[in-house]
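Printed here is protein14.cif (mmCIF, C-alpha atoms and all ligand atoms):
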data_model
#
loop_
_atom_site.label_atom_id
_atom_site.label_comp_id
_atom_site.auth_asym_id
_atom_site.auth_seq_id
_atom_site.Cartn_x
_atom_site.Cartn_y
_atom_site.Cartn_z
CA MET Q 1 26.68 12.34 11.53
CA HIS Q 2 27.27 14.82 8.67
CA TRP Q 3 24.83 17.47 7.58
CA PHE Q 4 24.81 19.80 4.62
CA LYS Q 5 22.72 22.76 3.74
CA LEU Q 6 20.98 23.41 0.43
CA VAL Q 7 20.06 26.96 -0.46
CA PHE Q 8 17.05 27.15 -2.74
CA THR Q 9 16.50 29.93 -5.28
CA ASP Q 10 13.36 31.02 -3.47
CA ASN Q 11 15.43 31.81 -0.42
CA PHE Q 12 14.63 29.00 1.91
CA THR Q 13 17.09 26.53 3.25
CA ARG Q 14 16.72 23.00 4.41
CA THR Q 15 19.13 20.74 6.13
CA PHE Q 16 19.65 17.33 4.57
CA LYS Q 17 21.40 14.29 5.84
CA LEU Q 18 23.63 12.52 3.38
CA ALA Q 19 22.36 8.92 3.19
CA SER Q 20 25.88 7.55 3.00
CA SER Q 21 27.09 9.64 5.92
CA ILE Q 22 24.83 8.19 8.63
CA ASP Q 23 27.30 6.95 11.13
CA LYS Q 24 26.91 3.29 12.01
CA MET Q 25 29.41 3.83 14.85
CA SER Q 26 26.82 5.82 16.81
CA SER Q 27 24.40 2.86 16.71
CA LYS Q 28 24.99 -0.32 18.69
CA ILE Q 29 22.79 -2.36 16.39
CA GLN Q 30 24.61 -5.04 14.40
CA LYS Q 31 21.94 -7.45 13.26
CA ILE Q 32 18.45 -6.74 11.95
CA ALA Q 33 15.61 -8.73 10.45
CA VAL Q 34 13.19 -7.92 7.64
CA PHE Q 35 9.88 -9.57 6.78
CA THR Q 36 6.78 -9.04 4.66
CA SER Q 37 3.28 -9.37 6.07
CA GLY Q 38 -0.40 -9.01 5.14
CA GLY Q 39 -1.60 -8.90 1.52
CA ASP Q 40 1.32 -8.84 -0.90
CA ALA Q 41 1.95 -5.74 -3.00
CA PRO Q 42 4.10 -5.21 -6.10
CA GLY Q 43 7.33 -3.58 -4.96
CA MET Q 44 7.76 -5.64 -1.79
CA ASN Q 45 10.76 -7.35 -3.40
CA ALA Q 46 12.27 -4.01 -4.39
CA CYS Q 47 11.90 -3.01 -0.76
CA ILE Q 48 13.52 -6.21 0.57
CA ARG Q 49 16.44 -5.49 -1.76
CA ALA Q 50 16.77 -1.91 -0.50
CA VAL Q 51 16.61 -2.93 3.17
CA THR Q 52 19.14 -5.72 2.63
CA ARG Q 53 21.65 -3.76 0.60
CA GLY Q 54 21.08 -0.57 2.59
CA GLY Q 55 21.74 -2.52 5.79
CA ILE Q 56 24.84 -4.23 4.42
CA HIS Q 57 26.11 -0.86 3.20
CA HIS Q 58 25.98 0.35 6.80
CA GLY Q 59 27.74 -2.75 8.13
CA LEU Q 60 24.64 -4.54 9.41
CA GLU Q 61 23.87 -8.22 9.12
CA VAL Q 62 20.41 -8.60 7.59
CA VAL Q 63 18.24 -11.63 8.23
CA GLY Q 64 15.11 -12.45 6.21
CA ILE Q 65 12.15 -13.89 8.09
CA HIS Q 66 9.94 -16.11 5.92
CA ASN Q 67 6.12 -16.26 6.07
CA GLY Q 68 5.45 -13.08 8.02
CA TYR Q 69 4.73 -13.14 11.74
CA ASN Q 70 4.13 -16.91 11.57
CA GLY Q 71 7.73 -17.42 10.45
CA MET Q 72 8.90 -15.03 13.18
CA ILE Q 73 7.23 -17.30 15.74
CA ASP Q 74 8.37 -20.55 14.12
CA GLY Q 75 12.01 -19.51 13.68
CA GLU Q 76 12.09 -19.29 9.86
CA TYR Q 77 15.15 -17.04 9.74
CA ALA Q 78 17.93 -16.95 7.12
CA VAL Q 79 20.72 -14.43 6.56
CA LEU Q 80 20.29 -12.42 3.36
CA GLN Q 81 23.42 -11.85 1.29
CA SER Q 82 23.58 -9.03 -1.22
CA TYR Q 83 23.59 -11.39 -4.22
CA GLN Q 84 20.39 -13.08 -3.01
CA VAL Q 85 18.41 -9.90 -3.60
CA GLY Q 86 19.91 -9.34 -7.06
CA ASN Q 87 17.40 -8.99 -9.88
CA ILE Q 88 14.35 -9.05 -7.62
CA ILE Q 89 13.63 -5.32 -7.97
CA ARG Q 90 11.42 -6.10 -10.99
CA ARG Q 91 9.52 -9.06 -9.56
CA GLY Q 92 5.99 -9.07 -8.10
CA GLY Q 93 5.10 -11.04 -4.97
CA THR Q 94 7.65 -11.39 -2.19
CA ILE Q 95 10.65 -13.72 -1.99
CA LEU Q 96 10.11 -13.84 1.79
CA LYS Q 97 6.47 -14.94 1.37
CA THR Q 98 3.74 -13.33 3.41
CA ALA Q 99 0.91 -14.27 5.77
CA ARG Q 100 -1.83 -12.88 7.94
CA SER Q 101 -1.04 -14.33 11.35
CA GLU Q 102 -3.70 -15.07 13.94
CA ARG Q 103 -1.09 -16.52 16.29
CA PHE Q 104 0.88 -13.27 16.57
CA ARG Q 105 -2.26 -11.59 17.93
CA THR Q 106 -2.08 -13.78 21.03
CA LYS Q 107 0.14 -13.25 24.09
CA LYS Q 108 1.62 -16.69 23.60
CA GLY Q 109 2.42 -16.03 19.95
CA MET Q 110 4.12 -12.73 20.78
CA ALA Q 111 6.18 -14.33 23.55
CA LYS Q 112 7.32 -17.04 21.13
CA ALA Q 113 8.21 -14.46 18.49
CA HIS Q 114 10.23 -12.52 21.04
CA ALA Q 115 12.09 -15.64 22.16
CA ALA Q 116 12.89 -16.54 18.54
CA LEU Q 117 14.12 -13.02 17.71
CA LYS Q 118 16.37 -13.11 20.80
CA LYS Q 119 17.65 -16.59 19.95
CA HIS Q 120 18.69 -15.36 16.50
CA GLY Q 121 20.35 -12.26 17.92
CA ILE Q 122 18.00 -9.83 16.17
CA GLU Q 123 18.34 -6.28 17.53
CA ALA Q 124 15.85 -4.45 15.30
CA VAL Q 125 13.09 -5.43 12.89
CA VAL Q 126 11.83 -3.94 9.62
CA ALA Q 127 8.20 -4.86 8.90
CA ILE Q 128 6.95 -4.40 5.33
CA GLY Q 129 3.15 -4.45 5.25
CA GLY Q 130 -0.01 -2.55 6.05
CA ASP Q 131 -2.34 -1.61 8.85
CA GLY Q 132 -2.62 -5.03 10.52
CA THR Q 133 1.15 -5.53 10.36
CA PHE Q 134 1.82 -2.26 12.17
CA SER Q 135 -0.93 -2.74 14.77
CA GLY Q 136 0.77 -6.03 15.66
CA ALA Q 137 4.18 -4.38 15.74
CA ASN Q 138 2.84 -1.58 17.94
CA GLU Q 139 1.45 -4.01 20.48
CA PHE Q 140 4.63 -6.09 20.41
CA THR Q 141 6.89 -3.09 21.02
CA ASP Q 142 4.69 -2.04 23.98
CA LYS Q 143 5.68 -5.31 25.62
CA TYR Q 144 9.18 -6.00 24.33
CA GLU Q 145 12.15 -3.77 23.75
CA ILE Q 146 13.24 -4.78 20.26
CA PRO Q 147 12.90 -1.73 17.95
CA PHE Q 148 10.49 -2.04 15.02
CA ILE Q 149 10.21 0.14 11.93
CA GLY Q 150 7.35 -0.26 9.43
CA ILE Q 151 7.35 0.28 5.68
CA PRO Q 152 3.88 0.79 4.13
CA ALA Q 153 3.18 -1.74 1.38
CA THR Q 154 -0.43 -2.35 0.35
CA ILE Q 155 -2.18 -1.80 -2.94
CA ASP Q 156 -5.02 -0.07 -1.04
CA ASN Q 157 -2.97 3.09 -0.26
CA ASP Q 158 -4.91 3.48 2.98
CA MET Q 159 -2.02 4.33 5.33
CA PHE Q 160 -1.81 7.64 7.15
CA GLY Q 161 1.74 9.11 7.12
CA THR Q 162 2.65 8.55 3.48
CA ASP Q 163 1.31 9.95 0.22
CA ASN Q 164 1.61 6.57 -1.47
CA THR Q 165 2.05 3.01 -0.31
CA ILE Q 166 4.19 0.48 -2.15
CA GLY Q 167 2.09 -1.39 -4.73
CA TYR Q 168 -0.62 1.23 -5.20
CA ASP Q 169 0.75 2.65 -8.45
CA THR Q 170 1.24 -0.79 -10.00
CA ALA Q 171 -2.29 -1.83 -9.03
CA LEU Q 172 -3.66 1.36 -10.60
CA ASN Q 173 -1.88 0.64 -13.86
CA THR Q 174 -3.16 -2.95 -13.84
CA VAL Q 175 -6.71 -1.70 -13.35
CA VAL Q 176 -6.42 0.93 -16.07
CA GLU Q 177 -5.09 -1.60 -18.57
CA ALA Q 178 -7.92 -4.04 -17.77
CA VAL Q 179 -10.71 -1.44 -17.80
CA ASP Q 180 -9.54 0.08 -21.10
CA LYS Q 181 -10.16 -3.34 -22.61
CA ILE Q 182 -13.52 -3.64 -20.88
CA ARG Q 183 -14.44 -0.25 -22.29
CA ASP Q 184 -13.86 -1.52 -25.84
CA THR Q 185 -16.36 -4.32 -25.43
CA ALA Q 186 -18.77 -2.10 -23.45
CA ASP Q 187 -18.84 0.34 -26.36
CA ALA Q 188 -19.16 -2.38 -28.97
CA HIS Q 189 -22.28 -3.81 -27.27
CA ASN Q 190 -23.68 -0.62 -25.76
CA ARG Q 191 -23.39 -2.26 -22.36
CA LEU Q 192 -23.09 -1.03 -18.83
CA PHE Q 193 -20.14 -2.58 -17.00
CA ILE Q 194 -19.91 -2.41 -13.25
CA VAL Q 195 -16.25 -3.01 -12.46
CA GLU Q 196 -15.29 -3.94 -8.91
CA VAL Q 197 -11.77 -3.23 -7.70
CA MET Q 198 -10.04 -3.99 -4.41
CA GLY Q 199 -10.34 -1.79 -1.36
CA LYS Q 200 -12.38 -3.18 1.49
CA ASP Q 201 -12.22 0.01 3.54
CA ALA Q 202 -10.76 2.45 1.04
CA GLY Q 203 -11.66 3.83 -2.38
CA PHE Q 204 -8.25 5.07 -3.50
CA ILE Q 205 -7.89 2.48 -6.28
CA ALA Q 206 -11.47 2.97 -7.52
CA LEU Q 207 -11.20 6.75 -7.52
CA ARG Q 208 -7.86 7.26 -9.21
CA SER Q 209 -8.29 4.50 -11.78
CA GLY Q 210 -11.87 5.69 -12.35
CA ILE Q 211 -10.58 9.10 -13.37
CA ALA Q 212 -7.96 7.55 -15.62
CA VAL Q 213 -10.46 5.37 -17.51
CA GLY Q 214 -13.09 8.13 -17.76
CA ALA Q 215 -15.61 6.17 -15.68
CA GLU Q 216 -19.20 7.42 -15.74
CA ALA Q 217 -19.40 6.99 -11.95
CA VAL Q 218 -17.10 6.02 -9.07
CA LEU Q 219 -18.48 4.49 -5.87
CA VAL Q 220 -16.26 4.40 -2.78
CA PRO Q 221 -16.66 3.38 0.89
CA GLU Q 222 -15.66 6.86 2.14
CA THR Q 223 -18.90 8.46 0.92
CA ASP Q 224 -22.51 7.27 1.17
CA THR Q 225 -23.57 5.67 -2.07
CA HIS Q 226 -27.10 6.52 -3.16
CA VAL Q 227 -28.10 4.12 -5.87
CA ASP Q 228 -30.89 6.59 -6.81
CA SER Q 229 -28.27 9.18 -7.82
CA LEU Q 230 -26.53 6.57 -9.93
CA LEU Q 231 -29.85 5.69 -11.57
CA ALA Q 232 -30.54 9.36 -12.30
CA LEU Q 233 -27.12 9.71 -13.90
CA LEU Q 234 -27.67 6.63 -16.04
CA ALA Q 235 -31.13 7.85 -17.10
CA LYS Q 236 -29.66 11.19 -18.15
CA GLY Q 237 -26.94 9.48 -20.16
CA TRP Q 238 -29.49 7.16 -21.78
CA LYS Q 239 -31.51 10.14 -23.00
CA SER Q 240 -28.42 11.79 -24.46
CA LYS Q 241 -27.76 8.58 -26.42
CA ARG Q 242 -24.57 7.69 -24.58
CA THR Q 243 -23.26 4.24 -25.50
CA GLY Q 244 -21.04 2.03 -23.39
CA TRP Q 245 -20.73 2.72 -19.67
CA VAL Q 246 -18.22 1.97 -16.98
CA VAL Q 247 -19.04 2.34 -13.29
CA MET Q 248 -16.12 1.73 -10.92
CA VAL Q 249 -16.91 0.42 -7.47
CA ALA Q 250 -14.61 -0.36 -4.55
CA GLU Q 251 -15.28 -3.79 -3.04
CA GLY Q 252 -16.08 -2.25 0.36
CA ASP Q 253 -18.64 0.26 -0.94
CA ASP Q 254 -21.65 0.57 1.35
CA ALA Q 255 -24.07 -0.20 -1.50
CA GLY Q 256 -22.77 -3.76 -1.35
CA GLY Q 257 -20.36 -4.39 -4.21
CA ALA Q 258 -20.74 -4.73 -7.96
CA PHE Q 259 -23.28 -7.58 -8.10
CA LYS Q 260 -25.70 -5.92 -5.69
CA ILE Q 261 -25.49 -2.62 -7.52
CA ALA Q 262 -26.05 -4.38 -10.84
CA GLU Q 263 -29.20 -6.03 -9.43
CA GLN Q 264 -30.60 -2.70 -8.29
CA VAL Q 265 -29.92 -1.05 -11.63
CA LYS Q 266 -31.50 -3.97 -13.49
CA GLU Q 267 -34.63 -3.73 -11.33
CA LYS Q 268 -35.24 -0.12 -12.39
CA PHE Q 269 -33.76 -0.20 -15.87
CA GLY Q 270 -34.59 -3.54 -17.42
CA HIS Q 271 -33.53 -2.17 -20.82
CA PHE Q 272 -29.90 -1.81 -19.74
CA ASP Q 273 -27.60 -4.62 -20.86
CA ILE Q 274 -25.45 -5.01 -17.74
CA ARG Q 275 -22.30 -7.01 -17.04
CA VAL Q 276 -20.22 -7.23 -13.89
CA SER Q 277 -16.46 -7.61 -13.85
CA VAL Q 278 -14.60 -8.24 -10.59
CA LEU Q 279 -10.91 -7.67 -11.26
CA GLY Q 280 -9.74 -9.49 -8.12
CA HIS Q 281 -6.23 -10.60 -7.28
CA GLN Q 282 -4.59 -9.70 -10.58
CA GLN Q 283 -4.43 -6.25 -8.94
CA ARG Q 284 -1.94 -7.59 -6.41
CA GLY Q 285 0.47 -9.18 -8.88
CA GLY Q 286 2.82 -8.25 -11.68
CA ALA Q 287 6.08 -6.39 -12.08
CA PRO Q 288 6.14 -3.16 -10.07
CA THR Q 289 6.03 0.13 -11.98
CA CYS Q 290 8.97 2.52 -11.98
CA MET Q 291 7.15 4.64 -9.36
CA ASP Q 292 6.76 1.68 -7.01
CA ARG Q 293 10.36 0.52 -7.45
CA VAL Q 294 11.70 3.97 -6.59
CA LEU Q 295 9.27 4.40 -3.68
CA ALA Q 296 10.19 0.97 -2.29
CA THR Q 297 13.89 1.76 -2.62
CA ARG Q 298 13.63 5.11 -0.86
CA LEU Q 299 11.50 3.72 1.96
CA GLY Q 300 13.76 0.68 2.40
CA VAL Q 301 16.83 2.86 2.84
CA GLY Q 302 14.78 5.29 4.96
CA ALA Q 303 13.95 2.42 7.33
CA ILE Q 304 17.63 1.51 7.73
CA GLU Q 305 18.51 5.15 8.43
CA GLY Q 306 15.67 5.29 10.96
CA ILE Q 307 17.07 2.26 12.78
CA LEU Q 308 20.57 3.71 12.85
CA GLU Q 309 19.16 6.94 14.27
CA GLY Q 310 17.59 4.95 17.10
CA ARG Q 311 13.95 5.19 15.97
CA SER Q 312 11.33 2.60 16.88
CA LYS Q 313 7.53 2.18 16.75
CA VAL Q 314 7.36 4.28 13.61
CA MET Q 315 6.36 3.88 10.01
CA VAL Q 316 8.58 5.48 7.38
CA GLY Q 317 6.68 7.32 4.66
CA ILE Q 318 7.14 9.95 1.99
CA VAL Q 319 5.03 13.08 2.25
CA ASN Q 320 5.55 15.87 -0.29
CA ASN Q 321 8.65 14.07 -1.52
CA GLU Q 322 10.32 14.00 1.89
CA ILE Q 323 10.98 11.07 4.19
CA LEU Q 324 8.81 11.25 7.30
CA TYR Q 325 8.48 8.96 10.32
CA THR Q 326 4.99 8.55 11.83
CA ASP Q 327 4.28 6.76 15.11
CA PHE Q 328 2.63 3.38 14.63
CA SER Q 329 -0.23 4.54 16.85
CA LYS Q 330 -0.98 7.44 14.48
CA ALA Q 331 -0.34 5.52 11.25
CA THR Q 332 -2.78 2.81 12.24
CA LYS Q 333 -5.49 4.88 13.96
CA HIS Q 334 -5.66 7.99 11.80
CA HIS Q 335 -7.63 7.69 8.63
CA LYS Q 336 -6.13 8.88 5.36
CA GLU Q 337 -8.78 11.04 3.72
CA ILE Q 338 -9.85 10.48 0.16
CA ASN Q 339 -9.49 13.53 -2.06
CA LYS Q 340 -13.04 14.88 -2.38
CA HIS Q 341 -11.97 17.18 -5.24
CA LEU Q 342 -10.99 14.17 -7.31
CA LEU Q 343 -14.36 12.59 -6.58
CA GLU Q 344 -16.06 15.78 -7.72
CA LEU Q 345 -14.02 15.65 -10.95
CA THR Q 346 -15.60 12.32 -11.83
CA ARG Q 347 -19.04 13.88 -11.38
CA ILE Q 348 -18.23 16.96 -13.47
CA LEU Q 349 -16.78 14.95 -16.32
CA SER Q 350 -19.27 12.09 -16.35
O1 LIG I 401 -4.08 -6.10 0.44
C1 LIG I 401 -5.29 -5.48 0.67
C2 LIG I 401 -6.36 -6.23 -0.05
O2 LIG I 401 -5.95 -6.31 -1.37
C3 LIG I 401 -7.76 -5.66 0.06
O3 LIG I 401 -8.02 -4.64 -0.86
C4 LIG I 401 -8.59 -6.87 -0.16
O4 LIG I 401 -9.85 -6.71 0.42
C5 LIG I 401 -7.82 -7.91 0.55
O5 LIG I 401 -6.47 -7.52 0.45
C6 LIG I 401 -8.01 -9.31 0.03
O6 LIG I 401 -7.01 -10.10 0.54
P1 LIG I 401 -6.94 -11.67 0.62
O7 LIG I 401 -7.51 -12.22 -0.61
O8 LIG I 401 -5.50 -11.93 0.78
O9 LIG I 401 -7.73 -12.05 1.81
#
Is it possible to express this structure as structure tokens?
Ligand code: F6P
Amino acid sequence: MHWFKLVFTDNFTRTFKLASSIDKMSSKIQKIAVFTSGGDAPGMNACIRAVTRGGIHHGLEVVGIHNGYNGMIDGEYAVLQSYQVGNIIRRGGTILKTARSERFRTKKGMAKAHAALKKHGIEAVVAIGGDGTFSGANEFTDKYEIPFIGIPATIDNDMFGTDNTIGYDTALNTVVEAVDKIRDTADAHNRLFIVEVMGKDAGFIALRSGIAVGAEAVLVPETDTHVDSLLALLAKGWKSKRTGWVVMVAEGDDAGGAFKIAEQVKEKFGHFDIRVSVLGHQQRGGAPTCMDRVLATRLGVGAIEGILEGRSKVMVGIVNNEILYTDFSKATKHHKEINKHLLELTRILS
């Protein structure tokens, strides 16, 4: 393995590994598999491309498993050639399909998956997905010796061990585009719109997009929502003749989602003209943004390098612009904190 040293102007040095210099000869692994699992996220295809071509670059045979853990159990394996991942960097969804597998949670399912991986000569696995995907992988690798590396891909951005997950940036841009349009009609009719975005346990999408659209309030699962405070804010705005309102709410907010909040507001303020808009699954689709394509590419190659270095039971992430490997047990159990300062910003600027 080759190393080189960079000397920075502010007098600190860091040692970097040259991606192309990782020595395949030091690793016995010849054949790996890659699959996507859980809710899809824009950029999964870009990541499949990076894993495939990164693996081939290092002399590995790369096999795609279709339909997530279900396909792993059922033997849906096919070798990926470089040309097969051409031109997918810009496509939403996942060419390998995805699933949430109940069967893989069982002992029997895991044993079948192990037998199928062995039968196909797979020596290491790259799992592209979120929390549930890595919990499964963690349990599996406790029982069986095949190395697993995870790549975080979920629009929710709720993974510890990486600043951003694949798909988050694209989802944010989708939300901002949609809510800008909603804002036009909200202003035209002097209406209050309660916009619900995805995030059953996390408010990252609601918070960041809420700032970007200038939302009057942002409600997230990470903090207790007091509808009374929202009502007070609306009353204040009403007095100051504010027209057109947007309140962003994450689907998992403790106040119960957009429709429930709308009901409570209507009860107190019958004079408000309220509409609810649930953005739904459009947030999961579409061409990935530049940010997501680059993130997916770096993480895909980072996973291959991790395998060649002999790592297992880890998720590859990027923290402060550097590749970092976090144990599955930490990545799945630790909670990524929402930025309270950003939340405060929405209050100050409302
Ligand atoms: O991928 C995560 C997520 O988008 C959550 O925010 C959402 O609650 C969930 O998936 C919905 O997924 P599905 O419709 O696939 O059950």
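The coordinates place CA of Tyr144 (chain Q) at 29.9 Å from CA of Leu295 (chain Q).
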Residues up to 6 Å from ligand LIG 401 (chain I), counting all atoms listed in the file: could you list those as a list in words?
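Going residue by residue within 6 Å of ligand LIG 401 (chain I), we get Gly39, Thr154, Ile155, Asp156, Met198, Gly199 and Lys200 of chain Q.
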Which residue gives the smallest distance to Ile151 (chain Q) among Q:Ala258, Q:Cys290, Q:Ile166, Q:Ala33, with only C-alpha atoms counted?
Q:Ile166
Atomic distance CA of Pro288 (chain Q) - CA of Asp180 (chain Q), expressed in Å with one decimal
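A separation of 19.4 Å between them.
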Within 9 Å of region 218-230 of chain Q, counting only C-alpha atoms, which residues show up once you throw out same-chain ones fewer than 5 positions away? Write them as a PyMOL selection string, please.
chain Q and resi 199-204+206-207+210-211+235+246-255+261+264-265+337-338+343+346-347
Would you kindly return, as JSON, numbers by chain, each protein, DNA or RNA residue with an atom no farther than 12 Å from any atom of Gly136 (chain Q), considering only C-alpha atoms and excluding same-chain residues fewer than 5 positions away?
{"Q": [37, 38, 68, 69, 100, 101, 102, 103, 104, 105, 106, 107, 109, 110, 113, 127, 129, 130, 131, 141, 142, 143, 148, 149, 150, 313, 328, 329, 332]}
Which of these, Q:Val197, Q:Ile73, Q:Leu231, Q:Ile146, has the shortest distance to Ala116 (chain Q) once you count all atoms listed in the file?
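For Ala116 (chain Q), the nearest of the candidates is Q:Ile73.
Note that the spacing between CA of Ile56 (chain Q) and CA of Ser82 (chain Q) amounts to 7.5 Å.
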So that I can check the surroundings of Glu309 (chain Q), please list as a VMD selection string every protein, DNA and RNA residue that reaches within 8 Å of it, counting only C-alpha atoms and ignoring chain neighbours fewer than 3 positions away.
chain Q and resid 27 305 to 306
Protein/DNA/RNA residues near (12.4, -13.0, 8.0), cut 7 Å, all atoms listed in the file, as an MDAnalysis selection string:
chainID Q and resid 33:35 63:66 68 71:72 76:78 96
